[in-house]
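Engineer: Just so it is clear, I am handing over run_7.cif, which has mmCIF, C-alpha atoms.
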data_structure
loop_
_atom_site.group_PDB
_atom_site.id
_atom_site.type_symbol
_atom_site.label_atom_id
_atom_site.label_comp_id
_atom_site.auth_asym_id
_atom_site.auth_seq_id
_atom_site.Cartn_x
_atom_site.Cartn_y
_atom_site.Cartn_z
ATOM 1 C CA MET A 2 0.000 0.000 0.000
ATOM 2 C CA PHE A 3 2.855 2.390 0.881
ATOM 3 C CA LYS A 4 4.184 2.000 -2.681
ATOM 4 C CA LEU A 5 1.225 4.038 -3.908
ATOM 5 C CA PHE A 6 2.507 6.990 -1.877
ATOM 6 C CA GLU A 7 6.144 6.784 -2.924
ATOM 7 C CA PRO A 8 7.581 10.271 -3.518
ATOM 8 C CA ASN A 9 8.426 9.462 -7.152
ATOM 9 C CA LYS A 10 4.790 8.614 -7.817
ATOM 10 C CA ILE A 11 3.067 11.422 -5.941
ATOM 11 C CA PHE A 12 5.387 14.296 -6.933
ATOM 12 C CA LYS A 13 3.169 15.070 -9.932
ATOM 13 C CA ILE A 14 0.308 15.772 -7.510
ATOM 14 C CA THR A 15 2.307 17.418 -4.702
ATOM 15 C CA SER A 16 4.032 19.780 -7.158
ATOM 16 C CA LYS A 17 0.760 20.965 -8.703
ATOM 17 C CA ALA A 18 -1.345 21.082 -5.526
ATOM 18 C CA PRO A 19 0.155 24.169 -3.751
ATOM 19 C CA LYS A 20 -1.375 26.746 -6.132
ATOM 20 C CA TYR A 21 -4.867 25.276 -5.666
ATOM 21 C CA VAL A 22 -4.428 25.017 -1.895
ATOM 22 C CA LEU A 23 -3.190 28.644 -1.791
ATOM 23 C CA PHE A 24 -6.259 29.791 -3.727
ATOM 24 C CA LEU A 25 -8.620 27.882 -1.425
ATOM 25 C CA PHE A 26 -6.753 29.143 1.658
ATOM 26 C CA ILE A 27 -7.152 32.805 0.594
ATOM 27 C CA ILE A 28 -10.901 32.331 0.068
ATOM 28 C CA VAL A 29 -11.511 30.504 3.382
ATOM 29 C CA LEU A 30 -9.271 32.935 5.303
ATOM 30 C CA SER A 31 -11.115 35.953 3.855
ATOM 31 C CA ILE A 32 -14.484 34.513 4.903
ATOM 32 C CA GLY A 33 -13.042 33.608 8.321
ATOM 33 C CA LEU A 34 -11.636 37.104 8.896
ATOM 34 C CA VAL A 35 -14.958 38.778 8.054
ATOM 35 C CA GLU A 36 -16.782 36.359 10.360
ATOM 36 C CA ALA A 37 -14.239 36.718 13.180
ATOM 37 C CA LEU A 38 -13.718 40.486 13.078
ATOM 38 C CA VAL A 39 -17.104 41.785 11.922
ATOM 39 C CA LEU A 40 -20.014 39.342 11.991
ATOM 40 C CA SER A 41 -19.438 37.325 15.175
ATOM 41 C CA PRO A 42 -20.905 38.821 18.365
ATOM 42 C CA GLU A 43 -18.912 40.212 21.265
ATOM 43 C CA ASP A 44 -18.778 38.221 24.497
ATOM 44 C CA TYR A 45 -20.947 39.349 27.440
ATOM 45 C CA LYS A 46 -17.926 39.181 29.777
ATOM 46 C CA GLN A 47 -14.840 39.703 27.619
ATOM 47 C CA SER A 48 -16.458 42.051 25.105
ATOM 48 C CA ASP A 49 -14.508 42.288 21.805
ATOM 49 C CA ALA A 50 -11.327 40.822 23.335
ATOM 50 C CA VAL A 51 -12.934 37.419 22.703
ATOM 51 C CA ARG A 52 -12.158 37.816 18.980
ATOM 52 C CA ILE A 53 -8.547 36.840 19.727
ATOM 53 C CA MET A 54 -9.950 33.331 20.246
ATOM 54 C CA TYR A 55 -10.397 33.002 16.461
ATOM 55 C CA VAL A 56 -6.639 32.966 15.906
ATOM 56 C CA HIS A 57 -5.435 31.654 19.269
ATOM 57 C CA VAL A 58 -7.527 28.470 19.497
ATOM 58 C CA PRO A 59 -7.059 27.179 15.899
ATOM 59 C CA ALA A 60 -3.297 27.823 16.154
ATOM 60 C CA ALA A 61 -3.112 25.828 19.415
ATOM 61 C CA TRP A 62 -5.228 22.959 18.021
ATOM 62 C CA ILE A 63 -3.176 22.674 14.846
ATOM 63 C CA SER A 64 0.194 22.843 16.602
ATOM 64 C CA LEU A 65 -0.925 19.996 18.902
ATOM 65 C CA GLY A 66 -2.324 18.019 15.960
ATOM 66 C CA ILE A 67 0.859 18.414 13.937
ATOM 67 C CA PHE A 68 3.099 17.353 16.820
ATOM 68 C CA SER A 69 0.965 14.242 17.382
ATOM 69 C CA SER A 70 1.142 13.457 13.644
ATOM 70 C CA ILE A 71 4.920 13.923 13.604
ATOM 71 C CA THR A 72 5.290 11.475 16.488
ATOM 72 C CA PHE A 73 2.989 8.916 14.874
ATOM 73 C CA LEU A 74 4.769 9.206 11.510
ATOM 74 C CA SER A 75 8.256 9.026 13.048
ATOM 75 C CA ILE A 76 7.387 5.855 14.966
ATOM 76 C CA SER A 77 5.707 4.425 11.822
ATOM 77 C CA GLY A 78 8.899 5.217 9.910
ATOM 78 C CA PHE A 79 10.779 2.820 12.168
ATOM 79 C CA VAL A 80 8.054 0.176 12.294
ATOM 80 C CA PHE A 81 7.556 0.015 8.513
ATOM 81 C CA ARG A 82 11.158 0.950 7.598
ATOM 82 C CA ASN A 83 9.817 3.722 5.365
ATOM 83 C CA LYS A 84 11.919 6.881 4.847
ATOM 84 C CA ASN A 85 8.992 8.752 3.358
ATOM 85 C CA PHE A 86 7.346 8.933 6.802
ATOM 86 C CA PHE A 87 10.383 10.819 8.122
ATOM 87 C CA LEU A 88 10.284 13.140 5.130
ATOM 88 C CA ILE A 89 6.604 13.912 5.777
ATOM 89 C CA SER A 90 7.330 14.529 9.494
ATOM 90 C CA LYS A 91 10.195 16.868 8.678
ATOM 91 C CA SER A 92 7.991 18.800 6.238
ATOM 92 C CA LEU A 93 5.171 19.172 8.768
ATOM 93 C CA ALA A 94 7.335 20.540 11.595
ATOM 94 C CA PRO A 95 7.910 24.180 10.449
ATOM 95 C CA SER A 96 4.199 25.024 10.257
ATOM 96 C CA GLY A 97 3.558 23.235 13.583
ATOM 97 C CA PHE A 98 6.278 25.317 15.232
ATOM 98 C CA VAL A 99 4.943 28.594 13.799
ATOM 99 C CA PHE A 100 1.403 27.735 14.946
ATOM 100 C CA ASN A 101 2.776 26.991 18.411
ATOM 101 C CA ILE A 102 4.456 30.432 18.506
ATOM 102 C CA ILE A 103 1.246 32.090 17.257
ATOM 103 C CA ALA A 104 -0.738 30.345 20.041
ATOM 104 C CA LEU A 105 1.751 31.575 22.670
ATOM 105 C CA VAL A 106 1.947 35.171 21.408
ATOM 106 C CA THR A 107 -1.792 35.626 20.795
ATOM 107 C CA GLY A 108 -2.475 33.973 24.168
ATOM 108 C CA SER A 109 -0.149 36.490 25.775
ATOM 109 C CA ILE A 110 -1.915 39.384 23.994
ATOM 110 C CA TRP A 111 -5.293 37.966 25.112
ATOM 111 C CA GLY A 112 -4.005 37.619 28.677
ATOM 112 C CA LYS A 113 -3.368 41.325 29.126
ATOM 113 C CA PRO A 114 -7.002 42.575 28.847
ATOM 114 C CA THR A 115 -8.569 39.482 30.481
ATOM 115 C CA TRP A 116 -6.124 38.520 33.259
ATOM 116 C CA GLY A 117 -4.233 41.802 33.557
ATOM 117 C CA THR A 118 -0.872 40.219 32.689
ATOM 118 C CA TRP A 119 1.053 39.326 29.523
ATOM 119 C CA TRP A 120 2.448 36.113 31.005
ATOM 120 C CA ALA A 121 1.831 33.744 33.904
ATOM 121 C CA TRP A 122 3.672 30.504 34.727
ATOM 122 C CA ASP A 123 0.343 28.744 34.549
ATOM 123 C CA ALA A 124 0.152 24.987 33.736
ATOM 124 C CA ARG A 125 -1.446 25.402 30.282
ATOM 125 C CA ILE A 126 0.829 28.234 29.154
ATOM 126 C CA THR A 127 3.998 26.626 30.500
ATOM 127 C CA SER A 128 3.194 23.272 28.898
ATOM 128 C CA MET A 129 2.593 25.028 25.549
ATOM 129 C CA LEU A 130 5.983 26.729 25.928
ATOM 130 C CA ILE A 131 7.558 23.307 26.554
ATOM 131 C CA LEU A 132 5.916 22.044 23.342
ATOM 132 C CA ALA A 133 7.559 24.936 21.448
ATOM 133 C CA LEU A 134 10.922 23.829 22.893
ATOM 134 C CA PHE A 135 10.339 20.273 21.642
ATOM 135 C CA TYR A 136 9.465 21.632 18.194
ATOM 136 C CA ALA A 137 12.667 23.705 18.246
ATOM 137 C CA MET A 138 14.759 20.678 19.308
ATOM 138 C CA TYR A 139 13.184 18.583 16.539
ATOM 139 C CA LEU A 140 13.951 21.193 13.877
ATOM 140 C CA ILE A 141 17.489 21.741 15.190
ATOM 141 C CA ALA A 142 18.153 17.965 15.150
ATOM 142 C CA TRP A 143 17.427 17.897 11.396
ATOM 143 C CA ARG A 144 19.831 20.796 10.851
ATOM 144 C CA VAL A 145 22.644 19.513 13.065
ATOM 145 C CA TYR A 146 22.842 15.828 12.082
ATOM 146 C CA ASN A 147 23.597 14.856 8.495
ATOM 147 C CA GLU A 148 23.737 11.089 8.898
ATOM 148 C CA GLU A 149 20.291 9.697 7.971
ATOM 149 C CA GLU A 150 19.918 6.881 10.501
ATOM 150 C CA ARG A 151 21.165 9.085 13.320
ATOM 151 C CA VAL A 152 18.775 11.962 12.607
ATOM 152 C CA TYR A 153 15.860 9.517 12.311
ATOM 153 C CA LYS A 154 16.653 8.087 15.745
ATOM 154 C CA ILE A 155 17.262 11.432 17.468
ATOM 155 C CA SER A 156 14.240 13.200 15.955
ATOM 156 C CA THR A 157 11.967 10.250 16.845
ATOM 157 C CA PHE A 158 13.339 10.218 20.393
ATOM 158 C CA ILE A 159 12.535 13.945 20.705
ATOM 159 C CA THR A 160 8.969 13.403 19.470
ATOM 160 C CA ILE A 161 8.416 10.479 21.871
ATOM 161 C CA LEU A 162 9.559 12.641 24.791
ATOM 162 C CA GLY A 163 7.486 15.570 23.522
ATOM 163 C CA ILE A 164 4.285 13.582 23.038
ATOM 164 C CA ILE A 165 4.142 12.966 26.814
ATOM 165 C CA ASN A 166 3.513 16.702 27.092
ATOM 166 C CA VAL A 167 0.465 16.668 24.749
ATOM 167 C CA PRO A 168 -2.046 15.090 27.192
ATOM 168 C CA ILE A 169 -0.572 17.340 29.914
ATOM 169 C CA ILE A 170 -1.458 20.376 27.763
ATOM 170 C CA LYS A 171 -4.948 19.012 27.110
ATOM 171 C CA TYR A 172 -5.791 18.170 30.725
ATOM 172 C CA SER A 173 -3.720 20.867 32.489
ATOM 173 C CA VAL A 174 -6.836 23.018 32.947
ATOM 174 C CA ASP A 175 -8.628 20.104 34.690
ATOM 175 C CA TRP A 176 -5.706 18.802 36.763
ATOM 176 C CA TRP A 177 -4.489 22.145 38.150
ATOM 177 C CA ASN A 178 -5.999 25.468 39.188
ATOM 178 C CA THR A 179 -5.054 27.635 36.256
ATOM 179 C CA LEU A 180 -5.829 31.100 34.939
ATOM 180 C CA HIS A 181 -6.655 29.473 31.618
ATOM 181 C CA GLN A 182 -10.332 28.598 31.144
ATOM 182 C CA PRO A 183 -11.389 24.946 30.631
ATOM 183 C CA ALA A 184 -12.195 23.687 27.114
ATOM 184 C CA SER A 185 -15.405 25.122 25.627
ATOM 185 C CA ILE A 186 -15.511 22.627 22.774
ATOM 186 C CA ASN A 187 -15.722 18.903 23.451
ATOM 187 C CA ILE A 188 -16.095 16.183 20.863
ATOM 188 C CA LEU A 189 -17.526 13.658 23.327
ATOM 189 C CA SER A 190 -19.699 15.927 25.469
ATOM 190 C CA LYS A 191 -21.847 19.033 25.038
ATOM 191 C CA THR A 192 -20.086 22.086 23.607
ATOM 192 C CA SER A 193 -20.604 25.222 25.679
ATOM 193 C CA ILE A 194 -19.887 27.730 22.904
ATOM 194 C CA HIS A 195 -22.759 29.338 20.950
ATOM 195 C CA SER A 196 -23.046 28.562 17.226
ATOM 196 C CA SER A 197 -22.550 32.259 16.358
ATOM 197 C CA MET A 198 -19.018 31.917 17.723
ATOM 198 C CA LEU A 199 -18.482 28.243 16.885
ATOM 199 C CA TYR A 200 -18.880 28.639 13.096
ATOM 200 C CA PRO A 201 -16.307 31.455 12.721
ATOM 201 C CA LEU A 202 -13.967 29.402 14.885
ATOM 202 C CA LEU A 203 -14.406 26.356 12.647
ATOM 203 C CA ILE A 204 -13.922 28.445 9.475
ATOM 204 C CA MET A 205 -10.689 29.923 10.882
ATOM 205 C CA THR A 206 -9.554 26.414 11.866
ATOM 206 C CA ALA A 207 -10.185 25.255 8.277
ATOM 207 C CA ALA A 208 -8.167 28.228 6.963
ATOM 208 C CA PHE A 209 -5.268 27.450 9.318
ATOM 209 C CA ALA A 210 -5.382 23.761 8.347
ATOM 210 C CA LEU A 211 -5.211 24.744 4.665
ATOM 211 C CA PHE A 212 -2.227 26.971 5.398
ATOM 212 C CA SER A 213 -0.381 24.154 7.141
ATOM 213 C CA LEU A 214 -1.193 21.880 4.180
ATOM 214 C CA LEU A 215 0.212 24.511 1.818
ATOM 215 C CA ILE A 216 3.457 24.864 3.768
ATOM 216 C CA PHE A 217 3.722 21.086 4.121
ATOM 217 C CA LEU A 218 3.399 20.566 0.337
ATOM 218 C CA MET A 219 5.960 23.269 -0.475
ATOM 219 C CA LYS A 220 8.404 21.943 2.118
ATOM 220 C CA TYR A 221 7.883 18.317 1.013
ATOM 221 C CA ASN A 222 8.583 19.259 -2.623
ATOM 222 C CA THR A 223 11.713 21.146 -1.524
ATOM 223 C CA GLU A 224 12.955 18.088 0.387
ATOM 224 C CA LEU A 225 12.323 15.819 -2.603
ATOM 225 C CA ILE A 226 14.249 18.137 -4.943
ATOM 226 C CA LYS A 227 17.078 18.261 -2.370
ATOM 227 C CA ILE A 228 17.280 14.440 -2.487
ATOM 228 C CA LYS A 229 17.235 14.485 -6.282
ATOM 229 C CA ASN A 230 20.006 17.119 -6.272
ATOM 230 C CA LYS A 231 22.159 14.705 -4.267
ATOM 231 C CA GLY A 232 21.224 11.983 -6.786
ATOM 232 C CA LEU A 233 22.536 14.114 -9.654
ATOM 233 C CA ASP A 234 25.845 14.519 -7.804
ATOM 234 C CA ARG A 235 26.229 10.735 -7.743
ATOM 235 C CA LEU A 236 25.761 10.315 -11.522
ATOM 236 C CA MET B 26 -19.240 50.057 11.254
ATOM 237 C CA ILE B 27 -15.637 51.059 10.404
ATOM 238 C CA ASN B 28 -15.386 52.933 13.721
ATOM 239 C CA GLU B 29 -16.610 49.817 15.556
ATOM 240 C CA LEU B 30 -13.999 47.685 13.762
ATOM 241 C CA PHE B 31 -11.161 50.019 14.710
ATOM 242 C CA PHE B 32 -12.348 50.675 18.266
ATOM 243 C CA MET B 33 -13.874 47.346 19.402
ATOM 244 C CA ASN B 34 -14.934 48.739 22.771
ATOM 245 C CA GLY B 35 -11.334 49.664 23.513
ATOM 246 C CA TYR B 36 -9.917 46.196 22.708
ATOM 247 C CA ALA B 37 -8.942 46.884 19.080
ATOM 248 C CA VAL B 38 -5.257 47.293 19.911
ATOM 249 C CA TYR B 39 -5.164 43.747 21.377
ATOM 250 C CA VAL B 40 -7.397 42.100 18.768
ATOM 251 C CA LEU B 41 -5.759 43.709 15.742
ATOM 252 C CA SER B 42 -2.227 43.062 17.012
ATOM 253 C CA ALA B 43 -3.071 39.357 17.559
ATOM 254 C CA PHE B 44 -4.504 39.088 14.026
ATOM 255 C CA SER B 45 -1.618 41.092 12.538
ATOM 256 C CA PHE B 46 0.984 38.925 14.255
ATOM 257 C CA THR B 47 -0.747 35.808 12.884
ATOM 258 C CA LEU B 48 -0.949 37.104 9.316
ATOM 259 C CA ILE B 49 2.647 38.400 9.353
ATOM 260 C CA SER B 50 3.823 35.000 10.639
ATOM 261 C CA PHE B 51 1.904 33.315 7.803
ATOM 262 C CA LEU B 52 3.452 35.617 5.221
ATOM 263 C CA GLY B 53 6.947 35.153 6.664
ATOM 264 C CA LEU B 54 6.700 31.356 6.726
ATOM 265 C CA TYR B 55 5.245 31.284 3.207
ATOM 266 C CA LEU B 56 8.032 33.477 1.811
ATOM 267 C CA ILE B 57 10.827 31.548 3.545
ATOM 268 C CA THR B 58 9.421 28.221 2.305
ATOM 269 C CA LYS B 59 8.949 29.590 -1.229
ATOM 270 C CA ILE B 60 12.519 30.967 -1.342
ATOM 271 C CA GLN B 61 13.938 27.605 -0.163
ATOM 272 C CA PHE B 62 11.866 25.802 -2.819
ATOM 273 C CA VAL B 63 12.939 28.091 -5.680
ATOM 274 C CA ARG B 64 16.597 27.895 -4.564
ATOM 275 C CA GLU B 65 16.584 24.055 -4.630
ATOM 276 C CA GLN B 66 14.758 24.037 -7.964
ATOM 277 C CA ASN B 67 17.305 26.420 -9.523
ATOM 278 C CA LYS B 68 20.158 24.336 -8.104
ATOM 279 C CA PHE B 69 18.621 21.246 -9.735
ATOM 280 C CA VAL B 70 18.279 22.958 -13.127
ATOM 281 C CA ALA B 71 21.889 24.233 -12.958
ATOM 282 C CA LYS B 72 23.218 20.769 -12.035
ATOM 283 C CA PHE B 73 21.157 19.141 -14.753
ATOM 284 C CA GLY B 74 22.540 21.600 -17.306
ATOM 285 C CA SER B 75 26.089 20.603 -16.435
ATOM 286 C CA LEU B 76 25.493 16.855 -17.035
ATOM 287 C CA THR B 77 26.855 15.023 -20.064
ATOM 288 C CA THR B 78 24.297 13.693 -22.596
ATOM 289 C CA ARG B 79 24.666 10.161 -21.230
ATOM 290 C CA GLN B 80 24.211 11.334 -17.626
ATOM 291 C CA ALA B 81 21.248 13.545 -18.610
ATOM 292 C CA ASN B 82 19.532 10.639 -20.361
ATOM 293 C CA SER B 83 20.115 8.447 -17.352
ATOM 294 C CA ALA B 84 18.654 11.140 -15.035
ATOM 295 C CA LYS B 85 15.674 11.621 -17.327
ATOM 296 C CA SER B 86 14.793 7.946 -17.003
ATOM 297 C CA GLN B 87 13.357 8.883 -13.603
ATOM 298 C CA ARG B 88 9.949 10.466 -14.033
ATOM 299 C CA ILE B 89 10.374 12.758 -11.002
ATOM 300 C CA ASN B 90 13.452 14.426 -12.564
ATOM 301 C CA LYS B 91 11.469 15.192 -15.696
ATOM 302 C CA GLU B 92 8.657 16.617 -13.534
ATOM 303 C CA ILE B 93 11.066 18.894 -11.636
ATOM 304 C CA LEU B 94 12.504 20.231 -14.900
ATOM 305 C CA ALA B 95 9.043 20.747 -16.393
ATOM 306 C CA ASN B 96 7.849 22.626 -13.281
ATOM 307 C CA ALA B 97 10.980 24.785 -13.254
ATOM 308 C CA THR B 98 10.443 25.862 -16.853
ATOM 309 C CA ASN B 99 6.725 26.518 -16.254
ATOM 310 C CA ASN B 100 7.375 28.759 -13.216
#
Spell out the structure here as structure tokens.
Structural biologist:
Amino acid sequence: MFKLFEPNKIFKITSKAPKYVLFLFIIVLSIGLVEALVLSPEDYKQSDAVRIMYVHVPAAWISLGIFSSITFLSISGFVFRNKNFFLISKSLAPSGFVFNIIALVTGSIWGKPTWGTWWAWDARITSMLILALFYAMYLIAWRVYNEEERVYKISTFITILGIINVPIIKYSVDWWNTLHQPASINILSKTSIHSSMLYPLLIMTAAFALFSLLIFLMKYNTELIKIKNKGLDRL
Amino acid sequence: MINELFFMNGYAVYVLSAFSFTLISFLGLYLITKIQFVREQNKFVAKFGSLTTRQANSAKSQRINKEILANATNN
């Protein structure tokens, strides 16, 4: 089954896809921005400061999702002895890291009007900062080590250590007394957010997901060309 | 309407800076990734140009190499 997704076979698709994804991203982002900044209502408690949620929450969700995917793919790379999994992981990491930074910075900006401080060493915020450090270590590992097998092992080790932090981030608001509010959206139980705020949030999440797909495709194509460049050297 | 958007009950400075930071980060990441892609593509084309006919034919036997060259000329 994995042969169907071999880089040589899918390059035709991955090289053409970015322009369509970019087009779709611009459309969805435009709709999301109008919804988030103009059409969605203000909150009865936080007033218009609540609009920061439309960039903060999707960025946090996607950075967590990407890190989980990187871990899963890195482990699968070892289990199935498939280098392509490592290549996909490496290509996903930059957008995951940037989303993590966006979540931290926008969270800090949101903290000032709601909590009265830019930063607190609160469980949720600190665990998100730790995730950013794991992302940074993962990206640095790929830059520092040139030997394939070694970088596969080290980067996978970093993701395995980092994934322990993901459930801590998720449940930090339940396990400890934190400034951060508990989750408003639950897949398994009733969501406490009104549809007038939920839809803009979902549209912005779709836009952010499209952006990470766009960056992934561009990065993946770059990595493939890099490999082919090395191949030309060997001719 | 425009006044509301730029005032936001006094929270505009926070809301707009959060959105601006996000969009600037997007633009920055997109540009960096695009530059890296174009650089690798140009490197590939330059290397391919310096191959002998026999080496070029051998490289062209791989479909992906032909795709990279075709994309580079289209862009």
Engineer: Within 10 Å of (-11.5, 45.7, 22.6), all atoms listed in the file: residues as a VMD selection string?
Structural biologist: (chain A and resid 43 47 to 53 114) or (chain B and resid 29 to 41)
Engineer: What is the distance between CA of Ile161 in chain A and CA of Trp176 in chain A, in Å to one decimal?
Structural biologist: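 The value is 22.1 Å.
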Engineer: Residue by residue, what does the PyMOL selection byres ((chain A) within 7 of (chain B)) grab here? Present the result as a PDB file with C-alpha atoms, keeping the file's coordinate frame.
Structural biologist:
ATOM      1  CA  ASN A   9       8.426   9.462  -7.152  1.00  0.00           C
ATOM      2  CA  PHE A  12       5.387  14.296  -6.933  1.00  0.00           C
ATOM      3  CA  LYS A  13       3.169  15.070  -9.932  1.00  0.00           C
ATOM      4  CA  VAL A  39     -17.104  41.785  11.922  1.00  0.00           C
ATOM      5  CA  ASP A  49     -14.508  42.288  21.805  1.00  0.00           C
ATOM      6  CA  ALA A  50     -11.327  40.822  23.335  1.00  0.00           C
ATOM      7  CA  ARG A  52     -12.158  37.816  18.980  1.00  0.00           C
ATOM      8  CA  ILE A  53      -8.547  36.840  19.727  1.00  0.00           C
ATOM      9  CA  VAL A  56      -6.639  32.966  15.906  1.00  0.00           C
ATOM     10  CA  ILE A 103       1.246  32.090  17.257  1.00  0.00           C
ATOM     11  CA  THR A 107      -1.792  35.626  20.795  1.00  0.00           C
ATOM     12  CA  ILE A 110      -1.915  39.384  23.994  1.00  0.00           C
ATOM     13  CA  TRP A 111      -5.293  37.966  25.112  1.00  0.00           C
ATOM     14  CA  ILE A 216       3.457  24.864   3.768  1.00  0.00           C
ATOM     15  CA  MET A 219       5.960  23.269  -0.475  1.00  0.00           C
ATOM     16  CA  LYS A 220       8.404  21.943   2.118  1.00  0.00           C
ATOM     17  CA  THR A 223      11.713  21.146  -1.524  1.00  0.00           C
ATOM     18  CA  ILE A 226      14.249  18.137  -4.943  1.00  0.00           C
ATOM     19  CA  LYS A 227      17.078  18.261  -2.370  1.00  0.00           C
ATOM     20  CA  ASN A 230      20.006  17.119  -6.272  1.00  0.00           C
ATOM     21  CA  LEU A 236      25.761  10.315 -11.522  1.00  0.00           C
TER      22      LEU A 236
END
Engineer: One decimal, in Å: what's the spacing between CA of Ile126 in chain A and CA of Leu202 in chain A?
Structural biologist: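 One can read the CA of Ile126 in chain A to CA of Leu202 in chain A distance as 20.6 Å.
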Engineer: Record the distance separating CA of Trp62 in chain A and CA of Pro8 in chain A, expressed in Å with one decimal.
Structural biologist: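 Interatomic distance here is 28.1 Å.
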Engineer: Can you spell out as number ranges by chain the set of residues that the PyMOL selection byres ((chain A and resi 93) around 8) selects in the structure I just provided?
Structural biologist: A: 67, 71, 89-92, 94-97, 213, 216-217, 220
Engineer: Once the PyMOL selection byres ((chain A and resi 20) around 12) has been evaluated on this model, what residues remain selected, and can you format them as a JSON list (two decimals) with C-alpha atoms, in the frame of the given file?
Structural biologist:
[["chain", "number", "residue", "atom", "x", "y", "z"],
["A", 14, "ILE", "CA", 0.31, 15.77, -7.51],
["A", 15, "THR", "CA", 2.31, 17.42, -4.70],
["A", 16, "SER", "CA", 4.03, 19.78, -7.16],
["A", 17, "LYS", "CA", 0.76, 20.96, -8.70],
["A", 18, "ALA", "CA", -1.34, 21.08, -5.53],
["A", 19, "PRO", "CA", 0.16, 24.17, -3.75],
["A", 21, "TYR", "CA", -4.87, 25.28, -5.67],
["A", 22, "VAL", "CA", -4.43, 25.02, -1.90],
["A", 23, "LEU", "CA", -3.19, 28.64, -1.79],
["A", 24, "PHE", "CA", -6.26, 29.79, -3.73],
["A", 25, "LEU", "CA", -8.62, 27.88, -1.42],
["A", 26, "PHE", "CA", -6.75, 29.14, 1.66],
["A", 27, "ILE", "CA", -7.15, 32.80, 0.59],
["A", 211, "LEU", "CA", -5.21, 24.74, 4.66],
["A", 212, "PHE", "CA", -2.23, 26.97, 5.40],
["A", 214, "LEU", "CA", -1.19, 21.88, 4.18],
["A", 215, "LEU", "CA", 0.21, 24.51, 1.82],
["A", 216, "ILE", "CA", 3.46, 24.86, 3.77],
["A", 218, "LEU", "CA", 3.40, 20.57, 0.34],
["A", 219, "MET", "CA", 5.96, 23.27, -0.48],
["B", 59, "LYS", "CA", 8.95, 29.59, -1.23],
["B", 100, "ASN", "CA", 7.38, 28.76, -13.22]]
Engineer: With a distance cut-off of 10 Å and only C-alpha atoms, select the neighbouring residues of Leu65 in chain A, excluding the residue or stretch itself and same-chain residues fewer than 6 positions from it, and output the selection as number ranges by chain.
Structural biologist: A: 59, 71, 97-98, 100-101, 129, 132, 164, 166-168, 170-171
Engineer: For Met54 in chain A, which of A:Leu180, A:Val145, A:Met198, A:Leu225 is the closest residue, counting all atoms listed in the file?
Structural biologist: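 Answer, going by the shortest atom-to-atom distance: A:Met198.
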Engineer: Extract, using only C-alpha atoms, all DNA, RNA and protein residues at most 9 Å from range 76-82 of chain A, discarding same-chain residues fewer than 3 positions from it, and format them as a ChimeraX atom specification.
Structural biologist: /A:71-73,85-87,153-154,157,160-161
Engineer: Choose the residue, out of A:Ser75, A:Thr206, A:Ser185, A:Ser156, that has the smallest atom-to-atom separation from Ile141 in chain A; count only C-alpha atoms.
Structural biologist: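 Using only C-alpha atoms, Ile141 in chain A sits closest to A:Ser156.
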